[in-house]
Amino acid sequence: MRLTAKAKNPVPLVADVDGTLIKSDLLVENFFTLLSTRPLRAVAALAQLARGRAAFKARLARDTEIAAADLPYNPEFLTLLNDEKRKGRKIYLASGSDRKPVDAIARSLGIFSGVFASDGKINLSGVAKAKALCAVFGEGGFDYAGNSGKDIDVWRKAKGALVVGYTQGFLDRVRRHFPHAKGYDRQPRSLKDYLRAMRVHQWLKNLLIFTPCLLAHRNQLHDLYLLGLAFLGFSLCASSAYVLNDLLDMRNDRLHPTKSARPLAAGRIPPGHGVAMAPLLLLAGAGLGYAISPAFLALLALYYATSLGYSVWLKRKLIVDVITLAGLYGLRLAAGSVAVAVPLSPWFVAFSVFLFLSLALVKRCTELIGQIVKGRSEIAGRGYLQRDLPMLEAMAASAGYIAIMVFALYINSPDVNALYRAPQYLWAICLVLFYWISRILVLTHRGEMHDDPVVFAATDLKSLACSFLILAIVLASI
């Protein structure tokens with residue numbers, strides 16, 4: 001098919017916004033941005049649905065601002081629009097989103113001759129959009145670029161059909177109605193992107209669930225079965241929380257040097273898919289939790305509620321955020337304890353508290369250094385400033401070394417003699433921990449640390465060597 005823009009008197013080209021011009025959805029973005037920053041207003045906005053989707057969109061647009069320059073645009077389609085503009089063709093935006101954010105996008109790109117959008121009363125989607133365009137351009141008087149089934153009503157009234165950000169299945173469906181439809185910027189769905197959104201690599205953290213049983217030297221098959229269920233249930237709930245967090249933090253993630261590559265922030269997964277994934281993963285995880293015990297399910301609920309509180313509010317609170325992160329690690333240990341009814345040693349709890357505080361502070365230091373490199377004075381969506389870095393680094397070091405001191409005191413406690421034949425060998429673990437923690441602190445100060453130190457520890461060869469060395473020392477001590 002040849003674009004009508006190549007004709008002598010080309011008709012205008014009208015482009016949709018959500019999923020077409022941008023790889024996202026402004027309605028979903030606005031709602032979760034408002035939920036993240038002002039949750040009560042987001043809940044209040046839901047009441048506007050009684051007046052229709054247009055009123056709901058208008059309320060969300062009134063209470064939020066978008067950074068149009070940071071949105072994930074479809075690059076191939078945006079290139080096409082700029083090319084057509086240079087040829088003298090008139091380009092328009094027509095979106096079901098509210099006019100306020102659509103106008104902001106139009107001003108940012110500077111290539112559009114006009115904007116059609118929802119106005120608080122009319123939801124400009126499907127048939128309503130087709131009527132509005134025909135009223136201005138006439139039936140068959142425009143080409144239309146869209147991406148969803150709702151756009152079929154518009155294509156019926158358009159002269160040419162452009163399918164943007166498409167999957168092959170959807171393009172084939174459109175061509176059954178419009179044989180000459182042309183596709184731009186194919187976006188095949190990748191299982192890898194969905195697994196990245198679930199952050200399956202973060203499941204490594206949930207191996208902490210096995211720790212209480214291992215430290216108690218219990219290795220019964222039934223215990224391992226229960227811990228396996230606990231690991232999977234906890235991981236699915238954690239993935240639900242990660243997806244929800246990414247929905248809430250999409251706009252801040254786009255300003256981050258590494259988080260900007262997350263599938264939802266980058267637009268490789270539609271936000272609507274994320275909205276569906278979060279509850280499905282939660283239900284699957286809760287089902288496994290219930291199969292273990294009501295007590296485990298209650299702890300899983302506490303973890304999820306804390307994660308949600310962190311995503312919505314606590315992560316923006318100075319110091320409270322790192323305490324919450326450390327607490328989330330601690331809940332994994334508690335989950336392992338509850339799953340197989342193994343009590344947690346007070347020594348181990350104290351050691352874990354300080355170690356996890358240290359790692360949470362390292363995470364914040366890494367994020368702050370990344371923002372400094374980009375020339376920003378603070379972390380987007382956090383409560384830290386550039387000048388806080390020396391204090392945060394000192395706190396991370398202090399917490400890490402206190403963890404080593406707690407472990408040293410444990411070696412001299414009466415409890416250790418009941419579990420170890422030669423507890424004096426455990427002193428070597430203090431040296432390994434000192435090396436590992438000190439190395440993490442130095443790499444963080446250099447700006448060479450992964451944005452998640454736990455993931456770094458699970459993939460770094462020297463960290464893995466330290467883990468095997470600690471395991472060897474423990475086995476020699478038993």
# chains A, B, ... in the order shown; residues from 1 in each chain; ligands from 1
>>> closest_atom_pairs(of="segment 162-199 of chain A", to="segment 16-34 of chain A", cutoff="10 Å", atoms="only C-alpha atoms", output="JSON lines")
{"residue": "A:Leu162", "atom": "CA", "partner": "A:Thr20", "partner_atom": "CA", "distance": 9.8}
{"residue": "A:Val163", "atom": "CA", "partner": "A:Thr20", "partner_atom": "CA", "distance": 8.1}
{"residue": "A:Val164", "atom": "CA", "partner": "A:Thr20", "partner_atom": "CA", "distance": 5.4}
{"residue": "A:Gly165", "atom": "CA", "partner": "A:Thr20", "partner_atom": "CA", "distance": 6.1}
{"residue": "A:Tyr166", "atom": "CA", "partner": "A:Thr20", "partner_atom": "CA", "distance": 8.9}
{"residue": "A:Tyr184", "atom": "CA", "partner": "A:Thr20", "partner_atom": "CA", "distance": 9.4}
{"residue": "A:Asp185", "atom": "CA", "partner": "A:Thr20", "partner_atom": "CA", "distance": 9.3}
{"residue": "A:Gln187", "atom": "CA", "partner": "A:Lys23", "partner_atom": "CA", "distance": 9.7}
>>> write_last_selection(atoms="N, CA and C atoms", output="PDB file, in the first residue's frame")
ATOM      1  N   LEU A 162      -3.507   2.771   9.163  1.00  0.00           N
ATOM      2  CA  LEU A 162      -2.143   2.492   9.620  1.00  0.00           C
ATOM      3  C   LEU A 162      -2.237   1.845  10.999  1.00  0.00           C
ATOM      4  N   VAL A 163      -1.616   0.685  11.154  1.00  0.00           N
ATOM      5  CA  VAL A 163      -1.628  -0.048  12.417  1.00  0.00           C
ATOM      6  C   VAL A 163      -0.241   0.079  13.033  1.00  0.00           C
ATOM      7  N   VAL A 164      -0.176   0.683  14.205  1.00  0.00           N
ATOM      8  CA  VAL A 164       1.114   1.036  14.809  1.00  0.00           C
ATOM      9  C   VAL A 164       1.346   0.216  16.077  1.00  0.00           C
ATOM     10  N   GLY A 165       2.614  -0.162  16.305  1.00  0.00           N
ATOM     11  CA  GLY A 165       2.963  -0.929  17.495  1.00  0.00           C
ATOM     12  C   GLY A 165       2.205  -2.243  17.541  1.00  0.00           C
ATOM     13  N   TYR A 166       2.143  -2.905  16.425  1.00  0.00           N
ATOM     14  CA  TYR A 166       1.231  -4.036  16.265  1.00  0.00           C
ATOM     15  C   TYR A 166       1.897  -5.372  16.572  1.00  0.00           C
ATOM     16  N   TYR A 184       3.235  -0.402  11.158  1.00  0.00           N
ATOM     17  CA  TYR A 184       4.457   0.321  11.523  1.00  0.00           C
ATOM     18  C   TYR A 184       4.889  -0.093  12.927  1.00  0.00           C
ATOM     19  N   ASP A 185       6.177  -0.237  13.089  1.00  0.00           N
ATOM     20  CA  ASP A 185       6.782  -0.461  14.397  1.00  0.00           C
ATOM     21  C   ASP A 185       6.190  -1.697  15.072  1.00  0.00           C
ATOM     22  N   GLN A 187       5.576  -4.746  17.333  1.00  0.00           N
ATOM     23  CA  GLN A 187       5.938  -4.966  18.731  1.00  0.00           C
ATOM     24  C   GLN A 187       5.529  -6.379  19.151  1.00  0.00           C
TER      25      GLN A 187
END
>>> select_by_dssp(residues="segment 165-332 of chain A", states="helix (DSSP H, G or I)", output="number ranges by chain")
A: 168-177, 191-198, 200-215, 221-248, 250-253, 259-261, 263-266, 271-292, 294-312, 314-316, 320-332
>>> write_last_selection(atoms="C-alpha atoms", output="compact mmCIF listing (two decimals), in the first residue's frame")
# COMPACT_ATOMS: atom_id res chain seq x y z
CA GLN A 168 1.14 -9.88 13.66
CA GLY A 169 -2.11 -11.42 14.88
CA PHE A 170 -3.77 -8.04 15.31
CA LEU A 171 -2.52 -6.76 11.94
CA ASP A 172 -3.97 -9.87 10.25
CA ARG A 173 -7.30 -9.21 12.03
CA VAL A 174 -7.37 -5.61 10.79
CA ARG A 175 -6.52 -6.64 7.24
CA ARG A 176 -9.56 -8.90 7.15
CA HIS A 177 -11.60 -5.67 7.29
CA LEU A 191 7.90 -13.77 27.37
CA LYS A 192 11.25 -12.39 28.52
CA ASP A 193 9.72 -8.94 29.04
CA TYR A 194 6.92 -10.36 31.18
CA LEU A 195 9.41 -12.34 33.25
CA ARG A 196 11.47 -9.18 33.67
CA ALA A 197 8.36 -7.32 34.82
CA MET A 198 7.83 -10.11 37.38
CA VAL A 200 12.08 -13.42 38.47
CA HIS A 201 15.77 -12.71 39.16
CA GLN A 202 14.63 -11.09 42.42
CA TRP A 203 13.29 -14.46 43.55
CA LEU A 204 16.84 -15.12 44.70
CA LYS A 205 16.02 -12.99 47.74
CA ASN A 206 13.34 -15.48 48.70
CA LEU A 207 15.96 -18.17 49.25
CA LEU A 208 16.18 -16.52 52.68
CA ILE A 209 13.06 -18.55 53.47
CA PHE A 210 15.25 -21.67 53.69
CA THR A 211 17.70 -20.06 56.14
CA PRO A 212 15.96 -20.72 59.50
CA CYS A 213 15.61 -24.42 58.71
CA LEU A 214 19.24 -24.71 57.60
CA LEU A 215 20.54 -22.90 60.68
CA LEU A 221 11.94 -34.06 53.28
CA HIS A 222 8.56 -32.73 54.45
CA ASP A 223 10.20 -29.51 55.67
CA LEU A 224 11.87 -29.01 52.29
CA TYR A 225 8.52 -29.59 50.53
CA LEU A 226 6.81 -26.94 52.66
CA LEU A 227 9.69 -24.53 52.16
CA GLY A 228 9.49 -25.09 48.39
CA LEU A 229 5.80 -24.16 48.43
CA ALA A 230 6.60 -21.18 50.65
CA PHE A 231 9.33 -20.04 48.27
CA LEU A 232 7.04 -20.22 45.24
CA GLY A 233 4.09 -18.58 47.01
CA PHE A 234 6.26 -15.80 48.38
CA SER A 235 7.88 -15.29 44.98
CA LEU A 236 4.56 -14.95 43.17
CA CYS A 237 3.30 -12.45 45.75
CA ALA A 238 6.58 -10.57 45.50
CA SER A 239 6.24 -10.46 41.70
CA SER A 240 2.73 -9.05 42.08
CA ALA A 241 4.15 -6.35 44.35
CA TYR A 242 6.97 -5.62 41.88
CA VAL A 243 4.51 -5.21 38.99
CA LEU A 244 2.33 -2.94 41.10
CA ASN A 245 5.37 -0.93 42.18
CA ASP A 246 6.43 -0.49 38.55
CA LEU A 247 2.94 0.73 37.64
CA LEU A 248 3.07 3.24 40.47
CA MET A 250 6.63 4.37 35.81
CA ARG A 251 7.29 8.09 35.46
CA ASN A 252 10.05 8.21 38.08
CA ASP A 253 11.63 5.06 36.62
CA LYS A 259 15.14 1.49 35.93
CA SER A 260 14.19 3.28 32.71
CA ALA A 261 14.76 -0.08 30.97
CA PRO A 263 9.37 -3.24 30.61
CA LEU A 264 6.49 -1.08 31.87
CA ALA A 265 8.51 2.14 32.02
CA ALA A 266 10.02 1.49 28.58
CA PRO A 271 0.27 -0.85 31.26
CA GLY A 272 -3.07 -2.64 30.97
CA HIS A 273 -1.24 -5.97 30.99
CA GLY A 274 0.49 -4.94 34.20
CA VAL A 275 -2.90 -4.09 35.72
CA ALA A 276 -4.03 -7.66 34.97
CA MET A 277 -0.80 -9.34 36.07
CA ALA A 278 -0.68 -7.90 39.59
CA PRO A 279 -3.92 -9.47 40.94
CA LEU A 280 -3.42 -12.77 39.11
CA LEU A 281 0.05 -13.24 40.59
CA LEU A 282 -1.26 -12.26 44.02
CA LEU A 283 -4.09 -14.81 43.88
CA ALA A 284 -1.70 -17.57 42.81
CA GLY A 285 0.72 -16.77 45.62
CA ALA A 286 -2.06 -16.51 48.21
CA GLY A 287 -3.42 -19.89 47.14
CA LEU A 288 -0.04 -21.51 47.82
CA GLY A 289 0.22 -19.64 51.12
CA TYR A 290 -3.16 -20.97 52.23
CA ALA A 291 -2.04 -24.51 51.35
CA ILE A 292 0.83 -24.18 53.85
CA PRO A 294 -3.28 -19.82 57.84
CA ALA A 295 -0.37 -18.37 59.83
CA PHE A 296 1.84 -18.35 56.73
CA LEU A 297 -0.95 -16.76 54.70
CA ALA A 298 -1.29 -14.03 57.34
CA LEU A 299 2.44 -13.34 57.15
CA LEU A 300 2.22 -13.24 53.36
CA ALA A 301 -0.58 -10.68 53.67
CA LEU A 302 1.59 -8.60 56.01
CA TYR A 303 4.44 -8.72 53.48
CA TYR A 304 2.17 -7.64 50.64
CA ALA A 305 0.56 -4.85 52.67
CA THR A 306 4.01 -3.57 53.67
CA SER A 307 5.18 -3.74 50.05
CA LEU A 308 2.10 -1.81 48.95
CA GLY A 309 2.65 0.78 51.69
CA TYR A 310 6.26 1.09 50.57
CA SER A 311 5.29 1.56 46.92
CA VAL A 312 2.59 4.13 47.63
CA LEU A 314 6.95 4.82 52.59
CA LYS A 315 9.61 4.85 49.84
CA ARG A 316 9.36 8.64 49.78
CA VAL A 320 11.77 5.08 56.92
CA ASP A 321 12.24 3.64 53.42
CA VAL A 322 15.44 1.77 54.28
CA ILE A 323 13.96 0.46 57.53
CA THR A 324 10.98 -0.82 55.53
CA LEU A 325 13.26 -2.49 52.97
CA ALA A 326 15.19 -4.19 55.77
CA GLY A 327 11.88 -5.27 57.30
CA LEU A 328 10.79 -6.84 54.02
CA TYR A 329 13.96 -8.94 54.03
CA GLY A 330 13.23 -9.89 57.62
CA LEU A 331 9.70 -11.02 56.74
CA ARG A 332 11.24 -13.56 54.37
>>> select_by_dssp(residues="segment 80-129 of chain A", states="strand (DSSP E or B)", output="PyMOL selection string")
chain A and resi 91-98+114-118
>>> write_last_selection(atoms="C-alpha atoms", output="mmCIF file, in the first residue's frame")
data_model
loop_
_atom_site.group_PDB
_atom_site.id
_atom_site.type_symbol
_atom_site.label_atom_id
_atom_site.label_comp_id
_atom_site.auth_asym_id
_atom_site.auth_seq_id
_atom_site.Cartn_x
_atom_site.Cartn_y
_atom_site.Cartn_z
ATOM 1 C CA ILE A 91 -0.794 15.906 11.159
ATOM 2 C CA TYR A 92 -3.421 15.691 13.919
ATOM 3 C CA LEU A 93 -3.741 13.903 17.254
ATOM 4 C CA ALA A 94 -7.012 12.186 18.140
ATOM 5 C CA SER A 95 -7.095 10.469 21.513
ATOM 6 C CA GLY A 96 -9.558 9.025 23.970
ATOM 7 C CA SER A 97 -7.368 10.513 26.710
ATOM 8 C CA ASP A 98 -8.250 13.847 28.264
ATOM 9 C CA GLY A 114 -4.636 20.231 15.865
ATOM 10 C CA VAL A 115 -5.847 17.979 18.658
ATOM 11 C CA PHE A 116 -9.002 15.933 19.209
ATOM 12 C CA ALA A 117 -9.456 14.550 22.728
ATOM 13 C CA SER A 118 -11.946 13.717 25.479
#
>>> closest_residue(among="A:Ala399, A:Leu361, A:Ala69, A:Leu60", to="Phe434 of chain A", atoms="only C-alpha atoms")
A:Ala399
>>> closest_residue(among="A:Val14, A:Leu409, A:Ala135, A:Leu355", to="Ile111 of chain A", atoms="only C-alpha atoms")
A:Val14
>>> residues_around(residues="Val127 of chain A", least_positions_apart="6", cutoff="12 Å", atoms="only C-alpha atoms", output="ChimeraX atom specification")
/A:96,133-134,149-157
>>> atom_distance(atom1="atom CA of Ala44 of chain A", atom2="atom CA of Leu71 of chain A")
26.0 Å
>>> residues_around(residues="segment 411-422 of chain A", least_positions_apart="6", cutoff="8 Å", atoms="only C-alpha atoms", output="PyMOL selection string")
chain A and resi 216-217+476-478
>>> closest_residue(among="A:Pro343, A:Pro75, A:Pro270, A:Gly140", to="Ser190 of chain A", atoms="only C-alpha atoms")
A:Pro270
